[in-house]
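Pasting target.cif here (mmCIF, C-alpha atoms):
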data_query
loop_
_atom_site.label_atom_id
_atom_site.label_comp_id
_atom_site.auth_asym_id
_atom_site.auth_seq_id
_atom_site.Cartn_x
_atom_site.Cartn_y
_atom_site.Cartn_z
CA MET A 1 61.90 46.83 -11.09
CA TYR A 2 64.43 47.53 -8.34
CA ASP A 3 65.46 44.54 -6.27
CA PHE A 4 64.28 44.01 -2.71
CA ALA A 5 64.67 41.54 0.15
CA TYR A 6 61.88 38.97 0.25
CA HIS A 7 60.28 37.68 3.44
CA LYS A 8 57.51 35.17 3.91
CA PRO A 9 56.32 35.17 7.54
CA ALA A 10 53.94 32.48 8.79
CA THR A 11 52.07 34.58 11.37
CA VAL A 12 50.49 38.03 11.57
CA ALA A 13 52.78 38.89 14.49
CA ASP A 14 55.92 38.14 12.45
CA ALA A 15 54.58 40.07 9.48
CA VAL A 16 53.87 43.11 11.65
CA LYS A 17 57.48 43.05 12.92
CA LEU A 18 58.84 42.96 9.36
CA LEU A 19 56.54 45.80 8.30
CA ALA A 20 57.81 48.04 11.09
CA ASP A 21 60.53 48.96 8.57
CA PRO A 22 59.05 52.05 6.84
CA ASP A 23 60.53 50.95 3.51
CA ALA A 24 58.89 47.52 3.62
CA LYS A 25 55.76 46.70 1.61
CA ALA A 26 53.23 43.92 2.05
CA ILE A 27 52.29 41.71 -0.88
CA SER A 28 49.57 39.06 -1.22
CA GLY A 29 48.37 38.44 -4.79
CA GLY A 30 50.77 41.03 -6.18
CA HIS A 31 48.43 42.25 -8.89
CA THR A 32 48.69 45.86 -7.83
CA LEU A 33 52.13 45.98 -6.23
CA ILE A 34 54.06 44.18 -8.98
CA PRO A 35 52.82 46.51 -11.77
CA ALA A 36 53.66 49.49 -9.51
CA LEU A 37 57.16 48.11 -8.91
CA LYS A 38 57.67 47.56 -12.63
CA HIS A 39 56.92 51.22 -13.20
CA ARG A 40 59.32 52.09 -10.39
CA LEU A 41 56.52 53.97 -8.67
CA ASN A 42 57.68 52.33 -5.50
CA LYS A 43 61.08 51.23 -4.21
CA PRO A 44 60.62 49.04 -1.14
CA SER A 45 63.72 47.69 0.59
CA ALA A 46 61.76 44.59 1.54
CA VAL A 47 58.62 42.86 0.34
CA VAL A 48 56.71 40.93 2.97
CA ASP A 49 54.69 38.12 1.41
CA LEU A 50 51.57 37.54 3.52
CA SER A 51 50.34 34.58 1.49
CA GLY A 52 51.64 31.99 3.95
CA ILE A 53 49.61 33.28 6.91
CA ALA A 54 46.92 30.64 7.46
CA GLU A 55 44.93 32.74 9.97
CA MET A 56 44.15 35.32 7.25
CA LYS A 57 42.41 32.87 4.91
CA GLY A 58 38.89 31.61 4.49
CA ILE A 59 35.24 32.57 4.42
CA LYS A 60 32.86 31.95 7.30
CA ARG A 61 29.46 33.03 8.49
CA VAL A 62 29.52 34.54 11.98
CA GLY A 63 26.07 35.47 13.27
CA ASN A 64 24.52 37.86 10.81
CA ALA A 65 27.73 38.57 8.95
CA ILE A 66 30.11 36.98 6.47
CA VAL A 67 33.73 37.26 7.55
CA ILE A 68 36.27 36.95 4.75
CA GLY A 69 39.98 36.57 5.41
CA ALA A 70 42.15 39.20 3.75
CA LEU A 71 44.08 36.62 1.71
CA THR A 72 40.94 35.23 0.10
CA ARG A 73 41.24 35.50 -3.64
CA HIS A 74 38.57 37.17 -5.79
CA ALA A 75 37.80 33.85 -7.52
CA GLU A 76 37.13 32.21 -4.15
CA VAL A 77 34.69 34.94 -3.10
CA ALA A 78 33.01 34.79 -6.52
CA THR A 79 32.39 31.05 -6.28
CA SER A 80 31.79 30.70 -2.52
CA ALA A 81 28.43 29.03 -1.82
CA GLU A 82 28.33 30.87 1.51
CA VAL A 83 28.81 34.32 -0.06
CA LYS A 84 26.43 33.57 -2.94
CA ALA A 85 23.70 32.55 -0.50
CA ALA A 86 24.12 35.44 1.96
CA ILE A 87 25.36 38.38 -0.16
CA PRO A 88 24.98 37.52 -3.86
CA ALA A 89 25.88 41.10 -4.83
CA LEU A 90 29.31 40.62 -3.23
CA ALA A 91 29.93 37.38 -5.16
CA TYR A 92 28.77 39.14 -8.33
CA LEU A 93 31.16 42.04 -7.71
CA ALA A 94 34.09 39.67 -7.08
CA SER A 95 33.29 37.74 -10.28
CA HIS A 96 33.70 40.93 -12.33
CA ILE A 97 37.04 42.20 -11.00
CA GLY A 98 39.78 42.43 -13.64
CA ASP A 99 39.86 39.17 -15.57
CA VAL A 100 39.99 35.44 -14.80
CA GLN A 101 43.72 35.38 -14.11
CA VAL A 102 43.61 38.52 -11.97
CA ARG A 103 40.80 36.94 -9.92
CA ASN A 104 42.90 33.79 -9.47
CA ARG A 105 45.64 35.83 -7.76
CA GLY A 106 44.26 39.10 -6.43
CA THR A 107 43.01 39.22 -2.83
CA LEU A 108 40.33 41.05 -0.89
CA GLY A 109 42.83 42.51 1.59
CA GLY A 110 45.17 43.69 -1.14
CA SER A 111 42.45 45.47 -3.05
CA VAL A 112 40.92 47.17 -0.01
CA SER A 113 44.27 48.17 1.54
CA ASN A 114 45.37 49.72 -1.73
CA ASN A 115 42.12 51.69 -2.12
CA ASP A 116 42.53 52.35 -5.82
CA PRO A 117 39.73 54.77 -6.80
CA ALA A 118 38.85 52.42 -9.68
CA ALA A 119 38.85 49.21 -7.62
CA ASP A 120 35.62 47.26 -7.10
CA TYR A 121 35.81 45.98 -3.52
CA PRO A 122 35.83 49.36 -1.73
CA ALA A 123 32.29 49.95 -3.06
CA ALA A 124 31.04 46.77 -1.37
CA VAL A 125 32.92 47.47 1.86
CA LEU A 126 31.51 50.99 2.14
CA GLY A 127 28.10 50.13 0.68
CA LEU A 128 27.53 47.26 3.07
CA GLY A 129 28.97 49.20 6.02
CA ALA A 130 31.53 46.46 6.64
CA THR A 131 33.99 46.36 9.53
CA ILE A 132 37.68 46.05 8.73
CA HIS A 133 39.66 43.82 11.08
CA THR A 134 43.35 44.60 11.37
CA SER A 135 46.30 43.34 13.36
CA LYS A 136 45.54 46.14 15.87
CA ARG A 137 41.84 47.01 15.88
CA LYS A 138 38.51 47.05 14.12
CA ILE A 139 37.71 49.98 11.82
CA ALA A 140 34.30 50.95 10.44
CA ALA A 141 34.23 51.31 6.65
CA ASP A 142 33.12 54.94 7.05
CA ASP A 143 36.42 55.71 8.82
CA PHE A 144 38.65 53.48 6.70
CA PHE A 145 38.75 55.01 3.21
CA GLN A 146 40.46 58.38 3.50
CA GLY A 147 41.43 59.44 -0.01
CA MET A 148 43.08 58.31 -3.22
CA PHE A 149 45.19 55.24 -2.35
CA THR A 150 44.89 56.29 1.30
CA THR A 151 43.31 54.38 4.18
CA ALA A 152 43.33 54.44 7.98
CA LEU A 153 45.93 51.65 8.02
CA GLU A 154 49.25 52.47 9.64
CA GLN A 155 52.58 51.29 8.20
CA ASP A 156 52.86 48.23 10.45
CA GLU A 157 49.13 47.48 10.52
CA ILE A 158 47.78 44.60 8.43
CA LEU A 159 44.24 44.19 7.22
CA THR A 160 43.43 40.63 8.37
CA ALA A 161 39.73 40.17 7.55
CA ILE A 162 36.56 42.03 6.61
CA GLU A 163 33.20 41.48 8.27
CA PHE A 164 30.30 42.12 5.90
CA PRO A 165 26.86 42.45 7.53
CA ILE A 166 24.27 40.43 5.60
CA PRO A 167 21.86 42.89 3.95
CA GLU A 168 18.19 42.48 3.12
CA LYS A 169 18.97 43.67 -0.38
CA ALA A 170 22.10 44.67 -2.23
CA GLY A 171 23.16 45.29 -5.80
CA TYR A 172 26.21 46.46 -7.74
CA ALA A 173 26.59 47.88 -11.22
CA LYS A 174 29.62 49.39 -12.93
CA MET A 175 30.72 50.79 -16.23
CA LYS A 176 34.20 49.50 -16.88
CA ASN A 177 36.85 50.81 -19.17
CA PRO A 178 36.84 48.26 -22.01
CA ALA A 179 40.64 48.20 -22.28
CA SER A 180 41.90 48.30 -18.70
CA ARG A 181 38.70 46.84 -17.16
CA TYR A 182 39.01 49.33 -14.31
CA VAL A 183 35.82 50.98 -13.07
CA MET A 184 34.80 54.27 -14.74
CA ALA A 185 31.87 54.59 -12.35
CA GLY A 186 30.22 52.02 -10.13
CA VAL A 187 27.47 52.05 -7.54
CA PHE A 188 26.83 49.60 -4.71
CA VAL A 189 23.43 49.89 -3.03
CA ALA A 190 22.39 48.04 0.12
CA LYS A 191 19.55 47.95 2.59
CA THR A 192 20.78 46.50 5.85
CA GLY A 193 18.69 46.45 9.04
CA GLY A 194 16.36 48.95 7.38
CA ALA A 195 19.16 51.45 6.68
CA VAL A 196 20.09 52.32 3.10
CA ARG A 197 23.67 52.92 1.95
CA VAL A 198 24.86 53.93 -1.51
CA ALA A 199 28.58 53.80 -2.28
CA VAL A 200 30.14 55.17 -5.46
CA ASN A 201 33.50 53.97 -6.81
CA GLY A 202 35.49 54.81 -9.92
CA ALA A 203 33.97 58.25 -10.31
CA GLY A 204 35.88 60.18 -7.64
CA PRO A 205 39.39 60.10 -6.17
CA CYS A 206 38.09 57.81 -3.41
CA VAL A 207 34.99 55.67 -2.88
CA PHE A 208 32.23 57.81 -1.32
CA ARG A 209 28.64 57.64 -0.08
CA GLN A 210 25.91 59.33 -2.07
CA ALA A 211 23.76 60.85 0.71
CA ASP A 212 21.00 62.23 -1.54
CA MET A 213 20.44 58.85 -3.13
CA GLU A 214 20.44 57.19 0.28
CA LYS A 215 17.70 59.58 1.42
CA ALA A 216 15.65 59.03 -1.71
CA LEU A 217 15.94 55.25 -1.48
CA ALA A 218 15.11 55.19 2.22
CA ALA A 219 11.80 56.83 1.36
CA ASN A 220 11.18 54.78 -1.78
CA TRP A 221 13.37 51.80 -2.76
CA SER A 222 13.10 51.98 -6.52
CA ALA A 223 15.10 53.03 -9.55
CA ASP A 224 12.60 55.86 -10.04
CA ALA A 225 13.51 57.30 -6.65
CA VAL A 226 17.10 58.04 -7.71
CA ALA A 227 16.16 59.26 -11.19
CA GLY A 228 15.60 62.75 -9.80
CA VAL A 229 18.84 62.85 -7.79
CA LYS A 230 21.59 64.74 -9.54
CA GLN A 231 25.21 63.75 -8.92
CA SER A 232 27.45 66.81 -9.00
CA ALA A 233 30.58 66.62 -11.17
CA ASP A 234 32.52 68.72 -8.66
CA GLY A 235 35.60 66.86 -7.46
CA LEU A 236 35.02 63.82 -9.67
CA ASN A 237 37.76 62.35 -11.84
CA GLY A 238 38.17 63.54 -15.41
CA ASP A 239 40.71 61.95 -17.74
CA ILE A 240 41.16 60.75 -21.31
CA HIS A 241 38.61 58.00 -20.67
CA GLY A 242 35.80 60.29 -19.55
CA SER A 243 35.14 63.77 -18.19
CA ALA A 244 33.92 64.46 -14.66
CA GLU A 245 30.50 65.35 -16.11
CA TYR A 246 30.35 62.02 -17.94
CA ARG A 247 31.22 60.14 -14.78
CA ALA A 248 28.61 62.10 -12.82
CA HIS A 249 26.01 61.05 -15.37
CA LEU A 250 27.20 57.43 -15.15
CA VAL A 251 26.68 57.44 -11.38
CA GLY A 252 22.96 58.01 -11.93
CA VAL A 253 22.75 55.30 -14.57
CA MET A 254 24.72 52.78 -12.50
CA ALA A 255 22.62 53.55 -9.41
CA LYS A 256 19.45 52.63 -11.28
CA ARG A 257 21.03 49.41 -12.56
CA ALA A 258 22.31 48.51 -9.09
CA ILE A 259 18.84 48.95 -7.61
CA ALA A 260 17.33 46.86 -10.39
CA ALA A 261 19.92 44.16 -9.67
CA ALA A 262 19.15 44.27 -5.95
CA GLY A 263 15.45 43.76 -6.64
CA MET B 1 69.66 35.46 -2.90
CA PRO B 2 66.40 33.59 -2.35
CA GLN B 3 66.21 30.03 -3.57
CA VAL B 4 63.09 28.56 -5.15
CA THR B 5 62.17 24.96 -5.70
CA LEU B 6 59.25 24.30 -7.96
CA THR B 7 57.90 21.60 -10.20
CA VAL B 8 57.61 22.63 -13.84
CA ASN B 9 55.90 20.23 -16.23
CA GLY B 10 56.54 17.37 -13.83
CA GLN B 11 60.22 18.11 -13.29
CA THR B 12 61.57 19.59 -10.07
CA HIS B 13 63.92 22.55 -10.39
CA THR B 14 65.82 24.54 -7.80
CA ALA B 15 67.15 27.95 -8.75
CA GLU B 16 68.62 31.02 -7.15
CA VAL B 17 66.61 34.12 -8.03
CA GLU B 18 66.42 37.75 -7.03
CA GLY B 19 63.42 38.90 -5.04
CA ARG B 20 62.30 40.84 -8.10
CA THR B 21 62.64 37.95 -10.58
CA LEU B 22 59.31 37.31 -12.27
CA LEU B 23 58.04 33.78 -12.72
CA VAL B 24 58.06 34.30 -16.49
CA GLU B 25 61.74 35.31 -16.34
CA LEU B 26 62.60 32.18 -14.40
CA LEU B 27 60.72 30.05 -16.93
CA ARG B 28 62.14 31.69 -20.05
CA GLU B 29 65.63 32.74 -19.06
CA THR B 30 66.71 30.19 -16.46
CA LEU B 31 64.74 27.11 -17.51
CA ARG B 32 64.78 28.10 -21.21
CA LEU B 33 61.08 27.35 -21.57
CA THR B 34 60.43 30.07 -24.12
CA GLY B 35 56.96 28.91 -25.12
CA THR B 36 55.52 31.22 -22.47
CA HIS B 37 55.53 34.71 -23.96
CA VAL B 38 55.68 38.24 -22.61
CA GLY B 39 53.39 40.56 -24.52
CA CYS B 40 52.25 43.64 -22.67
CA ASP B 41 54.14 42.97 -19.41
CA THR B 42 51.27 44.76 -17.61
CA SER B 43 48.96 41.78 -16.83
CA GLN B 44 46.49 42.66 -19.56
CA CYS B 45 47.29 40.58 -22.66
CA GLY B 46 47.61 37.07 -21.23
CA ALA B 47 50.46 35.86 -23.51
CA CYS B 48 52.28 34.80 -20.31
CA VAL B 49 49.53 32.63 -18.83
CA VAL B 50 50.71 29.42 -17.14
CA HIS B 51 49.05 27.20 -14.57
CA ILE B 52 50.07 27.33 -10.93
CA ASN B 53 48.59 24.36 -9.09
CA GLY B 54 46.11 23.95 -11.94
CA GLU B 55 44.90 27.55 -12.09
CA SER B 56 45.63 30.00 -14.88
CA VAL B 57 47.74 32.96 -13.79
CA LYS B 58 49.75 35.68 -15.48
CA SER B 59 53.38 34.77 -14.96
CA CYS B 60 54.53 38.32 -15.76
CA THR B 61 52.72 39.48 -12.62
CA THR B 62 53.90 36.72 -10.29
CA LEU B 63 57.22 36.77 -8.48
CA ALA B 64 59.27 33.61 -8.93
CA VAL B 65 59.68 33.38 -5.16
CA MET B 66 55.89 33.31 -4.78
CA ALA B 67 55.79 30.10 -6.83
CA ASN B 68 58.13 28.35 -4.39
CA GLY B 69 56.79 24.83 -3.80
CA ALA B 70 54.20 25.18 -6.54
CA ASN B 71 53.33 22.91 -9.40
CA VAL B 72 53.67 24.91 -12.62
CA THR B 73 52.49 23.82 -16.06
CA THR B 74 53.56 25.69 -19.19
CA ILE B 75 52.62 25.19 -22.83
CA GLU B 76 55.61 22.82 -23.16
CA GLY B 77 54.07 20.51 -20.57
CA LEU B 78 50.84 19.78 -22.45
CA ALA B 79 51.81 17.37 -25.23
CA LYS B 80 52.69 13.78 -24.35
CA ALA B 81 56.30 12.60 -24.55
CA ASP B 82 55.55 10.90 -27.89
CA GLY B 83 54.45 14.23 -29.34
CA THR B 84 50.68 13.61 -29.14
CA LEU B 85 49.11 17.03 -28.69
CA HIS B 86 46.73 17.96 -25.88
CA ALA B 87 43.12 18.15 -27.13
CA MET B 88 43.24 21.94 -26.86
CA GLN B 89 46.41 22.16 -28.97
CA GLU B 90 44.93 19.74 -31.51
CA ALA B 91 41.76 21.85 -31.69
CA PHE B 92 43.74 25.06 -32.19
CA ARG B 93 45.54 23.37 -35.08
CA GLU B 94 42.38 21.89 -36.63
CA TYR B 95 40.45 25.18 -36.45
CA HIS B 96 43.41 27.35 -37.38
CA ALA B 97 42.87 29.34 -34.20
CA LEU B 98 45.90 31.53 -34.75
CA GLN B 99 47.62 33.73 -37.23
CA CYS B 100 50.92 35.04 -35.89
CA GLY B 101 50.75 32.67 -32.92
CA PHE B 102 52.18 35.03 -30.34
CA CYS B 103 49.14 34.92 -28.05
CA THR B 104 48.56 31.19 -28.61
CA PRO B 105 50.43 29.70 -25.62
CA GLY B 106 48.49 31.95 -23.23
CA MET B 107 45.22 31.33 -25.06
CA VAL B 108 45.68 27.57 -24.81
CA MET B 109 46.56 27.68 -21.10
CA SER B 110 43.61 29.95 -20.26
CA ALA B 111 41.27 27.84 -22.39
CA ILE B 112 42.24 24.63 -20.60
CA ASP B 113 41.56 26.21 -17.19
CA LEU B 114 38.23 27.53 -18.49
CA VAL B 115 37.10 24.14 -19.83
CA GLN B 116 38.23 22.32 -16.68
CA LYS B 117 36.20 24.70 -14.50
CA HIS B 118 33.04 24.06 -16.54
CA PRO B 119 32.40 20.32 -16.65
CA GLU B 120 28.76 21.15 -17.43
CA GLY B 121 29.85 22.59 -20.80
CA LEU B 122 30.29 26.12 -22.12
CA THR B 123 28.21 28.37 -24.33
CA GLU B 124 29.89 30.50 -26.98
CA GLN B 125 29.18 33.52 -24.80
CA GLN B 126 30.88 31.91 -21.80
CA ILE B 127 33.94 31.06 -23.90
CA ARG B 128 34.18 34.65 -25.13
CA GLU B 129 33.84 36.02 -21.60
CA GLY B 130 36.29 33.42 -20.30
CA LEU B 131 38.92 34.81 -22.66
CA GLU B 132 38.62 38.34 -21.22
CA GLY B 133 42.19 38.14 -19.92
CA ASN B 134 43.72 37.14 -23.26
CA LEU B 135 44.18 39.48 -26.18
CA CYS B 136 44.66 38.37 -29.79
CA ARG B 137 45.48 41.07 -32.33
CA CYS B 138 44.99 39.05 -35.51
CA THR B 139 42.33 36.34 -35.57
CA GLY B 140 39.29 38.22 -34.36
CA TYR B 141 38.76 35.33 -31.90
CA HIS B 142 36.22 33.41 -34.00
CA ASN B 143 38.41 30.41 -34.68
CA ILE B 144 39.77 30.45 -31.14
CA VAL B 145 36.22 30.21 -29.79
CA LYS B 146 35.39 27.36 -32.20
CA ALA B 147 38.56 25.50 -31.20
CA ILE B 148 37.80 25.78 -27.50
CA ALA B 149 34.25 24.51 -28.01
CA ALA B 150 35.60 21.53 -29.96
CA ALA B 151 38.32 20.79 -27.38
CA ALA B 152 35.76 20.97 -24.55
CA GLU B 153 33.81 18.10 -26.10
CA VAL B 154 36.89 15.89 -26.10
CA MET B 155 38.14 17.02 -22.66
CA HIS B 156 34.73 16.19 -21.18
CA GLY B 157 34.57 12.83 -22.91
CA LYS B 158 31.67 13.68 -25.22
CA ARG B 159 33.76 12.85 -28.29
CA SER B 160 36.87 10.76 -28.68
CA GLU B 161 38.57 13.14 -31.08
CA ILE B 162 38.37 16.76 -32.20
CA ALA B 163 35.46 17.42 -34.57
CA ARG B 164 36.77 18.30 -38.01
CA ALA B 165 36.54 21.93 -39.02
CA ALA B 166 34.18 22.59 -41.93
CA GLU B 167 36.06 22.38 -45.22
#

Represent the structure contained in this file as structure tokens.
Amino acid sequence: MYDFAYHKPATVADAVKLLADPDAKAISGGHTLIPALKHRLNKPSAVVDLSGIAEMKGIKRVGNAIVIGALTRHAEVATSAEVKAAIPALAYLASHIGDVQVRNRGTLGGSVSNNDPAADYPAAVLGLGATIHTSKRKIAADDFFQGMFTTALEQDEILTAIEFPIPEKAGYAKMKNPASRYVMAGVFVAKTGGAVRVAVNGAGPCVFRQADMEKALAANWSADAVAGVKQSADGLNGDIHGSAEYRAHLVGVMAKRAIAAAG
Amino acid sequence: MPQVTLTVNGQTHTAEVEGRTLLVELLRETLRLTGTHVGCDTSQCGACVVHINGESVKSCTTLAVMANGANVTTIEGLAKADGTLHAMQEAFREYHALQCGFCTPGMVMSAIDLVQKHPEGLTEQQIREGLEGNLCRCTGYHNIVKAIAAAAEVMHGKRSEIARAAE
């Protein structure tokens, strides 16, 4: 790992100023950035530790939504009584990220900002049609995820919180790589205000919505409804862990399991 | 260079570190607490698990500066000053929950966090799932699982001492 200057601002405004430097990187739990730095995939001149910013922490219910601060750790979301009551699928998803120790450190904001194709949270954010709050604006999930490790965030823009609308029904299922525990293919289904959304993670270079499944489920909310929908392998990821065709098949299987979990 | 002040096993230390210094490097190389191991160095194997403010974390994936002000417990901080082992250590010994021993410090630290978070008790399945972040390449986990179940009974006050392993 190359060395860097370390800063720990106490407010979002101070953090934004420090991140104006194009070679600066934000850190919260560090469970993505530190491994990347060890591999020298990244060489920031400065690392800005957001973990001291009190205004970015906590879970609260606001109207018909659950708003989760970006610094909230996976373990906190997994065990939150508020999240479990309102969006159990989100608590379930958080309780299956990485392993115990990763969940004790990793944060919602870090995972979503990084937009790893094999991360869990982006599926919930897109599947629930969440709104991303940043230091500058609010961004709809549909506009946020732009490609592999790419989001709508600008260099000096910090994801501060995510607002998850409370769905009538939601479910998540994934097939994880048994060694790395990263997602091979996952599906998050949700029915919110009568509208159905289906988000797929792990399978492609970036989380995406499965429009054919959404249509089928809108007409008939059941595992049988998606059984006839074929996921194309075009553009999906293929690697030593599984071909694009295998992942395409998994999307169908995970969709059925997610619907069964949603009830 | 940044300065960190942290409490390790009840003792306060102040050290100068680089931004990139990992918590495990501070523990092993500066404080000479070499009981915490580095196995994979990629946050998968769990040999480096320590507690930060009571929660198990992988110290190979935590910057030393991020532990500033924290209360850290390592494997060296578990036994009493007179050498009496922690119930989890005693159980690992009684059930021979190790072969080479390399993963043991991390296993013990993760196991203590797991037991503490489940005062209602743990099933064998829950213990196995709770160890998802710790890899052991020799024992096949069976004795580790038995040891944790036995230690949980003592830690939760259901028994006064570790149940003897079957002869």

Practice item. Would you list the residues near (43.7, 26.2, -13.5), meaning any protein, DNA or RNA residue with an atom at most 8 Å from that point in file coordinates, counting all atoms listed in the file, as a PyMOL selection string? Key: chain B and resi 51-57+110+112-114+116-117

**Study point:** Surrounding residues of Phe102 (chain B) excluding itself and chain neighbours under 5 positions, 9 Å, all atoms listed in the file, as a PyMOL selection string
**Key:** chain B and resi 37+39+47+136

With a distance cut-off of 8 Å and all atoms listed in the file, select the neighbouring residues of region 16-28 of chain B, excluding the residue or stretch itself and same-chain residues fewer than 4 positions from it, and output the selection as an mmCIF file with C-alpha atoms, in the coordinates of the input.
data_model
loop_
_atom_site.group_PDB
_atom_site.id
_atom_site.type_symbol
_atom_site.label_atom_id
_atom_site.label_comp_id
_atom_site.auth_asym_id
_atom_site.auth_seq_id
_atom_site.Cartn_x
_atom_site.Cartn_y
_atom_site.Cartn_z
ATOM 1 C CA MET A 1 61.900 46.830 -11.090
ATOM 2 C CA TYR A 2 64.430 47.530 -8.340
ATOM 3 C CA ASP A 3 65.460 44.540 -6.270
ATOM 4 C CA PHE A 4 64.280 44.010 -2.710
ATOM 5 C CA ALA A 5 64.670 41.540 0.150
ATOM 6 C CA TYR A 6 61.880 38.970 0.250
ATOM 7 C CA MET B 1 69.660 35.460 -2.900
ATOM 8 C CA PRO B 2 66.400 33.590 -2.350
ATOM 9 C CA GLN B 3 66.210 30.030 -3.570
ATOM 10 C CA VAL B 4 63.090 28.560 -5.150
ATOM 11 C CA ARG B 32 64.780 28.100 -21.210
ATOM 12 C CA LEU B 33 61.080 27.350 -21.570
ATOM 13 C CA THR B 34 60.430 30.070 -24.120
ATOM 14 C CA GLY B 35 56.960 28.910 -25.120
ATOM 15 C CA THR B 36 55.520 31.220 -22.470
ATOM 16 C CA HIS B 37 55.530 34.710 -23.960
ATOM 17 C CA VAL B 38 55.680 38.240 -22.610
ATOM 18 C CA CYS B 48 52.280 34.800 -20.310
ATOM 19 C CA SER B 59 53.380 34.770 -14.960
ATOM 20 C CA CYS B 60 54.530 38.320 -15.760
ATOM 21 C CA THR B 61 52.720 39.480 -12.620
ATOM 22 C CA THR B 62 53.900 36.720 -10.290
ATOM 23 C CA LEU B 63 57.220 36.770 -8.480
ATOM 24 C CA ALA B 64 59.270 33.610 -8.930
ATOM 25 C CA VAL B 65 59.680 33.380 -5.160
ATOM 26 C CA ALA B 67 55.790 30.100 -6.830
#

Review point. Counting all atoms listed in the file, which residues from chain A have an atom at most 9 Å from any atom of chain B, and could you show them as a PyMOL selection string?
Key: chain A and resi 1-6+29-32+34-35+37-38+46-47+49+51+98-105+179-180

Practice item. Quick one: apply the PyMOL selection byres ((chain A and resi 110) around 12) to the file and drop the selected residues here as a ChimeraX atom specification. Key: /A:25-34,49-51,56,69-74,103,105-109,111-116,119-122,149,158-162

Practice item. Taking the file above as input, evaluate the PyMOL selection byres ((chain A and resi 172) around 10) and report the hits as a PyMOL selection string. Key: chain A and resi 88-90+92-93+120+123-124+127+170-171+173-174+186-190+198-200+254-262

Check your understanding: Can you tell me how far CA of Ala94 (chain A) sits from CA of Val253 (chain A), in Å to one decimal?
Key ->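 A separation of 20.7 Å between them.
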
Review point. Got a sec to check which residues sit within 12 Å of (47.8, 48.8, 11.4), counting all atoms listed in the file, and write them as JSON, numbers by chain?
Key: {"A": [12, 13, 15, 16, 17, 19, 20, 26, 113, 132, 133, 134, 135, 136, 137, 138, 139, 144, 151, 152, 153, 154, 155, 156, 157, 158, 159, 160]}

Check your understanding: Between CA of Gly10 (chain B) and CA of Leu85 (chain B), what is the spacing in Å?
Key -> 16.6 Å

Point to revise | Test item: the PyMOL selection byres ((chain B and resi 138) around 8) resolved as an MDAnalysis selection string | key: chainID B and resid 98:100 136:137 139:140

**Study point:** Exercise: region 202-208 of chain A partners within 6 Å, only C-alpha atoms, chain neighbours under 2 positions left out, as a PyMOL selection string
**Key:** chain A and resi 117-118+147-148+183-186+199-200+236-237+247

Review point. How far is it from CA of Glu163 (chain A) to CA of Ala130 (chain A), in Å with one decimal?
Key: 5.5 Å

With 3 Å of padding per side, what axis-aligned box (centre and edge lengths, Å, one decimal) covers all the listed atoms of region 99-107 of chain B? Give it as lines of an AutoDock Vina configuration file.
center_x = 48.7
center_y = 32.4
center_z = -30.2
size_x = 13.0
size_y = 11.3
size_z = 20.0

Exercise for review: Please identify all polymer residues within 7 Å of region 153-161 of chain B, counting all atoms listed in the file, omitting same-chain residues fewer than 2 positions from it, and present them as a list in words.
Suggested key: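 Listed by chain and then number, they are Ala87, Pro119, Ala149, Ala150, Ala151 and Ala163 of chain B.
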